[in-house]
Amino acid sequence: MSRRPQAQDAEPVLITRSDELAALCARLRAEPFVTVDTEFMRERTYWPELCVVQLAGEQDVAVIDAMAEGLDLSPLGELFADPKVTKVFHAARQDVEICILRFGAPPRPLFDTQVAAMVAGFGDQASYDSLVRALAGAQIDKAHRFSDWAARPLSAAQIAYAAADVTHLRRVYTALVDRLTQESRLSWVAEEMAELTDPATYRQDPETAWERLKPRSGNRRFLAAVRAAAAWREREAQRVNIPRQRLVRDETLLEIAATNPATPAELGRARGISKGFAEGKSGAGLLAALAAARELPDSALPEPARDNRQGPPASPALIALLKVLLAAKAEEHHVAPRLIASADELERLAAESEPQVPALHGWRRQVFGQAALALKGGRLALGVEGRRVKLIEG
């Protein structure tokens with residue numbers, strides 16, 4: 001992830017023509033890195049609608065009107081695929097999802113400054129504003145944070161706001177790389193980028209959509225109905241391009257799975273379901289999905305989530321000790337606790353001998369996982385020395 005000194009910020013240029021974009025991307029492909037941000041709308045759609053792309057290199061600062069008539073975005077896809085140019089984002093997940101949808105692949109190589117900041121000790125989910133203040137000595141104007149980016153023409157104020165997201169990001173990036181290089185932690189960030197750039201991370205599989213609902217039940221017939229209803233909703237929302245919650249809300253979907261209606265009249269009794277929906281094409285599709293789930297043999301029914309299975313529960317006291325150990329290790333290594341292990345991982349560590357969780361792999365195992373297993377095995381104890389937690393090996 002090479003860097004070179006940056007020049008004074010240039011005035012942002014609005015790009016609306018294909019030849020302008022091609023020339024810009026050709027120049028940026030000679031850069032060691034380019035900072036990137038996107039503005040999109042998805043409040044009324046299932047698929048995000050790309051409105052604006054911001055790019056900055058050493059000299060160029062550009063705001064690309066992705067909705068401009070006739071604009072060919074393929075040079076942008078080629079830039080994002082260029083292995084010689086690091087693409088720098090902040091909180092990249094949604095931006096990467098849009099890139100996959102538009103260009104068929106994630107930007108590579110990728111550097112996410114939010115993840116890097118967590119590795120560098122800036123806390124959980126460090127905001128862009130806080131990093132700009134701390135590392136670039138600047139202040140972000142928040143006036144256009146909730147702009148309608150699909151409205152045209154873009155105002156001068158919107159263009160200036162959009163450009164600021166990538167101009168300050170250059171200084172944030174170089175400061176984080178310098179810091180992480182000194183601490184020999186760039187490889188930690190690279191491990192996180194592998195997941196962020198894995199297309200499987202963004203794959204919308206209707207058959208697993210039910211897991212997001214976290215139904216708290218061990219009844220496999222009910223879970224089959226939840227799975228069928230959630231899969232139908234996902235496919236239907238994709239087909240008509242509306243948000244899944246606008247199609248059928250989560251709580252309504254769970255109620256429908258519990259009552260398992262077989263007729264439009266029964267479906268229409270669920271809260272939030274109109275008569276028109278129940279008697280129309282959408283209602284017929286949902287009822288057909290539920291009917292198919294009722295015909296499944298026992299062997300094809302989904303298994304309950306781990307929390308709903310039979311077996312000895314995790315000791316609350318052990319979970320509490322693991323939380324203390326996590327906090328102590330995060331403090332020792334100046335890394336955000338959330339990046340090392342989630343609450344669910346701590347519960348699994350307490351309940352299972354050596355579960356397959358990220359906390360037991362890679363740099364996380366070195367920082368926390370080995371100590372967690374030692375604590376469980378009685379080879380490590382926790383004490384207090386002064387105002388800090390002390391680890392006592394036994």
# chains A, B, ... in the order shown; residues from 1 in each chain; ligands from 1
>>> residues_around(residues="A:Arg17", least_positions_apart="3", cutoff="7 Å", atoms="only C-alpha atoms", output="list of chain:residue names")
A:Glu20, A:Leu21, A:Leu71
>>> write_last_selection(atoms="N, CA and C atoms", output="PDB file, in the first residue's frame")
ATOM      1  N   GLU A  20     -14.758  12.414 -20.518  1.00  0.00           N
ATOM      2  CA  GLU A  20     -14.180  12.983 -19.304  1.00  0.00           C
ATOM      3  C   GLU A  20     -13.856  11.884 -18.288  1.00  0.00           C
ATOM      4  N   LEU A  21     -14.775  10.955 -18.129  1.00  0.00           N
ATOM      5  CA  LEU A  21     -14.571   9.868 -17.167  1.00  0.00           C
ATOM      6  C   LEU A  21     -13.409   8.975 -17.603  1.00  0.00           C
ATOM      7  N   LEU A  71     -23.813   8.230 -19.933  1.00  0.00           N
ATOM      8  CA  LEU A  71     -22.489   8.097 -19.329  1.00  0.00           C
ATOM      9  C   LEU A  71     -22.076   6.630 -19.261  1.00  0.00           C
TER      10      LEU A  71
END
>>> residues_around(residues="stretch 284-291 of chain A", least_positions_apart="3", cutoff="9 Å", atoms="only C-alpha atoms", output="VMD selection string")
chain A and resid 224 to 226 228 to 229 231 to 233 236 257 260 to 264 267 277 to 281 294 to 295
>>> residues_around(residues="A:Ser315", least_positions_apart="2", cutoff="8 Å", atoms="only C-alpha atoms", output="VMD selection string")
chain A and resid 313 317 to 319 350 to 351
>>> atom_distance(atom1="atom CA of A:Gln204", atom2="atom CA of A:Arg42")
15.7 Å
>>> closest_residue(among="A:Thr259, A:Thr252, A:Thr86, A:Thr35", to="A:Val172", atoms="only C-alpha atoms")
A:Thr35
>>> decode(residues="stretch 128-271 of chain A", atoms="C-alpha atoms", output="tab-separated table (two decimals), in the first residue's frame")
chain	number	residue	atom	x	y	z
A	128	TYR	CA	-15.44	9.41	9.35
A	129	ASP	CA	-16.00	12.77	11.08
A	130	SER	CA	-13.93	11.77	14.11
A	131	LEU	CA	-11.07	10.43	11.97
A	132	VAL	CA	-11.01	13.57	9.83
A	133	ARG	CA	-10.77	15.70	12.99
A	134	ALA	CA	-8.09	13.49	14.57
A	135	LEU	CA	-5.93	12.68	11.54
A	136	ALA	CA	-6.62	15.40	8.95
A	137	GLY	CA	-7.24	18.36	11.26
A	138	ALA	CA	-10.42	19.27	9.40
A	139	GLN	CA	-14.14	19.55	10.08
A	140	ILE	CA	-16.87	17.92	7.99
A	141	ASP	CA	-19.87	20.01	6.94
A	142	LYS	CA	-22.85	17.75	7.63
A	143	ALA	CA	-25.47	19.94	5.95
A	144	HIS	CA	-25.99	17.65	2.94
A	145	ARG	CA	-25.65	14.30	4.67
A	146	PHE	CA	-29.28	13.44	3.94
A	147	SER	CA	-29.53	14.99	0.49
A	148	ASP	CA	-31.70	13.50	-2.22
A	149	TRP	CA	-28.80	12.40	-4.41
A	150	ALA	CA	-31.15	11.29	-7.17
A	151	ALA	CA	-32.47	14.83	-7.72
A	152	ARG	CA	-30.96	16.76	-10.62
A	153	PRO	CA	-29.21	19.09	-11.15
A	154	LEU	CA	-26.68	18.58	-8.35
A	155	SER	CA	-26.08	21.83	-6.48
A	156	ALA	CA	-22.66	23.39	-5.97
A	157	ALA	CA	-23.03	22.72	-2.25
A	158	GLN	CA	-23.77	19.03	-2.87
A	159	ILE	CA	-20.73	18.73	-5.13
A	160	ALA	CA	-18.50	20.39	-2.53
A	161	TYR	CA	-19.87	18.11	0.23
A	162	ALA	CA	-19.39	14.99	-1.88
A	163	ALA	CA	-15.83	15.97	-2.80
A	164	ALA	CA	-14.88	16.55	0.85
A	165	ASP	CA	-15.56	12.88	1.56
A	166	VAL	CA	-12.63	11.85	-0.63
A	167	THR	CA	-10.21	14.78	-0.21
A	168	HIS	CA	-9.96	14.38	3.58
A	169	LEU	CA	-9.90	10.60	3.16
A	170	ARG	CA	-6.46	10.84	1.53
A	171	ARG	CA	-4.92	12.24	4.70
A	172	VAL	CA	-6.81	9.80	6.91
A	173	TYR	CA	-5.51	6.91	4.82
A	174	THR	CA	-1.86	7.96	4.81
A	175	ALA	CA	-1.92	8.65	8.57
A	176	LEU	CA	-3.44	5.23	9.31
A	177	VAL	CA	-0.98	3.41	7.03
A	178	ASP	CA	1.94	5.17	8.74
A	179	ARG	CA	0.60	4.25	12.17
A	180	LEU	CA	-0.18	0.63	11.29
A	181	THR	CA	3.19	0.20	9.55
A	182	GLN	CA	4.98	1.32	12.72
A	183	GLU	CA	2.91	-1.16	14.74
A	184	SER	CA	3.35	-4.00	12.19
A	185	ARG	CA	-0.42	-4.34	11.83
A	186	LEU	CA	-1.04	-3.78	8.13
A	187	SER	CA	-1.35	-7.56	7.75
A	188	TRP	CA	-4.24	-7.48	10.26
A	189	VAL	CA	-6.11	-5.05	8.03
A	190	ALA	CA	-5.35	-7.22	5.00
A	191	GLU	CA	-7.08	-10.17	6.72
A	192	GLU	CA	-10.22	-8.07	7.19
A	193	MET	CA	-10.13	-6.89	3.57
A	194	ALA	CA	-10.23	-10.51	2.39
A	195	GLU	CA	-13.75	-10.83	3.80
A	196	LEU	CA	-14.83	-7.40	2.57
A	197	THR	CA	-13.81	-8.25	-0.99
A	198	ASP	CA	-15.32	-11.75	-1.01
A	199	PRO	CA	-18.41	-11.69	-3.26
A	200	ALA	CA	-19.99	-14.36	-1.02
A	201	THR	CA	-20.20	-11.71	1.73
A	202	TYR	CA	-22.77	-9.83	-0.36
A	203	ARG	CA	-24.66	-12.74	-1.88
A	204	GLN	CA	-28.40	-12.42	-1.25
A	205	ASP	CA	-29.50	-16.04	-0.81
A	206	PRO	CA	-33.30	-16.20	-0.36
A	207	GLU	CA	-33.01	-19.63	1.28
A	208	THR	CA	-31.01	-18.20	4.19
A	209	ALA	CA	-33.00	-14.95	4.53
A	210	TRP	CA	-35.00	-16.45	7.42
A	211	GLU	CA	-31.90	-16.57	9.63
A	212	ARG	CA	-31.91	-12.75	9.87
A	213	LEU	CA	-35.29	-12.95	11.61
A	214	LYS	CA	-33.78	-14.98	14.48
A	215	PRO	CA	-37.00	-16.90	15.28
A	216	ARG	CA	-36.78	-18.03	18.91
A	217	SER	CA	-38.30	-21.45	18.55
A	218	GLY	CA	-37.23	-25.06	18.38
A	219	ASN	CA	-40.35	-26.07	16.42
A	220	ARG	CA	-38.94	-27.21	13.09
A	221	ARG	CA	-42.32	-27.05	11.31
A	222	PHE	CA	-42.67	-23.42	12.32
A	223	LEU	CA	-39.09	-22.75	11.21
A	224	ALA	CA	-39.87	-24.33	7.83
A	225	ALA	CA	-42.78	-21.90	7.42
A	226	VAL	CA	-40.51	-18.98	8.41
A	227	ARG	CA	-37.89	-20.11	5.90
A	228	ALA	CA	-40.45	-20.46	3.10
A	229	ALA	CA	-42.10	-17.11	3.82
A	230	ALA	CA	-38.77	-15.26	4.09
A	231	ALA	CA	-37.45	-16.83	0.87
A	232	TRP	CA	-40.62	-15.85	-0.97
A	233	ARG	CA	-40.37	-12.27	0.37
A	234	GLU	CA	-36.74	-11.96	-0.70
A	235	ARG	CA	-37.42	-13.12	-4.25
A	236	GLU	CA	-40.55	-11.02	-4.57
A	237	ALA	CA	-38.82	-7.88	-3.22
A	238	GLN	CA	-36.00	-8.41	-5.70
A	239	ARG	CA	-38.46	-8.95	-8.55
A	240	VAL	CA	-40.51	-5.81	-7.93
A	241	ASN	CA	-37.49	-3.86	-6.59
A	242	ILE	CA	-38.96	-2.62	-3.33
A	243	PRO	CA	-37.53	-2.91	0.20
A	244	ARG	CA	-38.44	-6.21	1.84
A	245	GLN	CA	-39.93	-4.41	4.85
A	246	ARG	CA	-42.21	-2.43	2.58
A	247	LEU	CA	-43.44	-5.65	1.00
A	248	VAL	CA	-44.12	-7.48	4.30
A	249	ARG	CA	-42.76	-6.40	7.68
A	250	ASP	CA	-40.72	-8.82	9.77
A	251	GLU	CA	-43.27	-9.08	12.56
A	252	THR	CA	-46.05	-9.76	10.04
A	253	LEU	CA	-43.97	-12.44	8.35
A	254	LEU	CA	-43.40	-14.22	11.67
A	255	GLU	CA	-47.11	-14.01	12.47
A	256	ILE	CA	-47.96	-15.51	9.07
A	257	ALA	CA	-45.48	-18.35	9.66
A	258	ALA	CA	-47.03	-19.03	13.07
A	259	THR	CA	-50.63	-19.13	11.78
A	260	ASN	CA	-49.58	-20.82	8.50
A	261	PRO	CA	-52.64	-19.70	6.47
A	262	ALA	CA	-53.89	-21.85	3.61
A	263	THR	CA	-56.43	-19.48	2.00
A	264	PRO	CA	-56.51	-15.80	1.04
A	265	ALA	CA	-59.14	-15.18	3.74
A	266	GLU	CA	-56.85	-16.64	6.42
A	267	LEU	CA	-53.86	-14.69	5.09
A	268	GLY	CA	-55.88	-11.47	5.15
A	269	ARG	CA	-56.34	-11.76	8.92
A	270	ALA	CA	-52.64	-11.12	9.56
A	271	ARG	CA	-51.77	-7.62	10.73
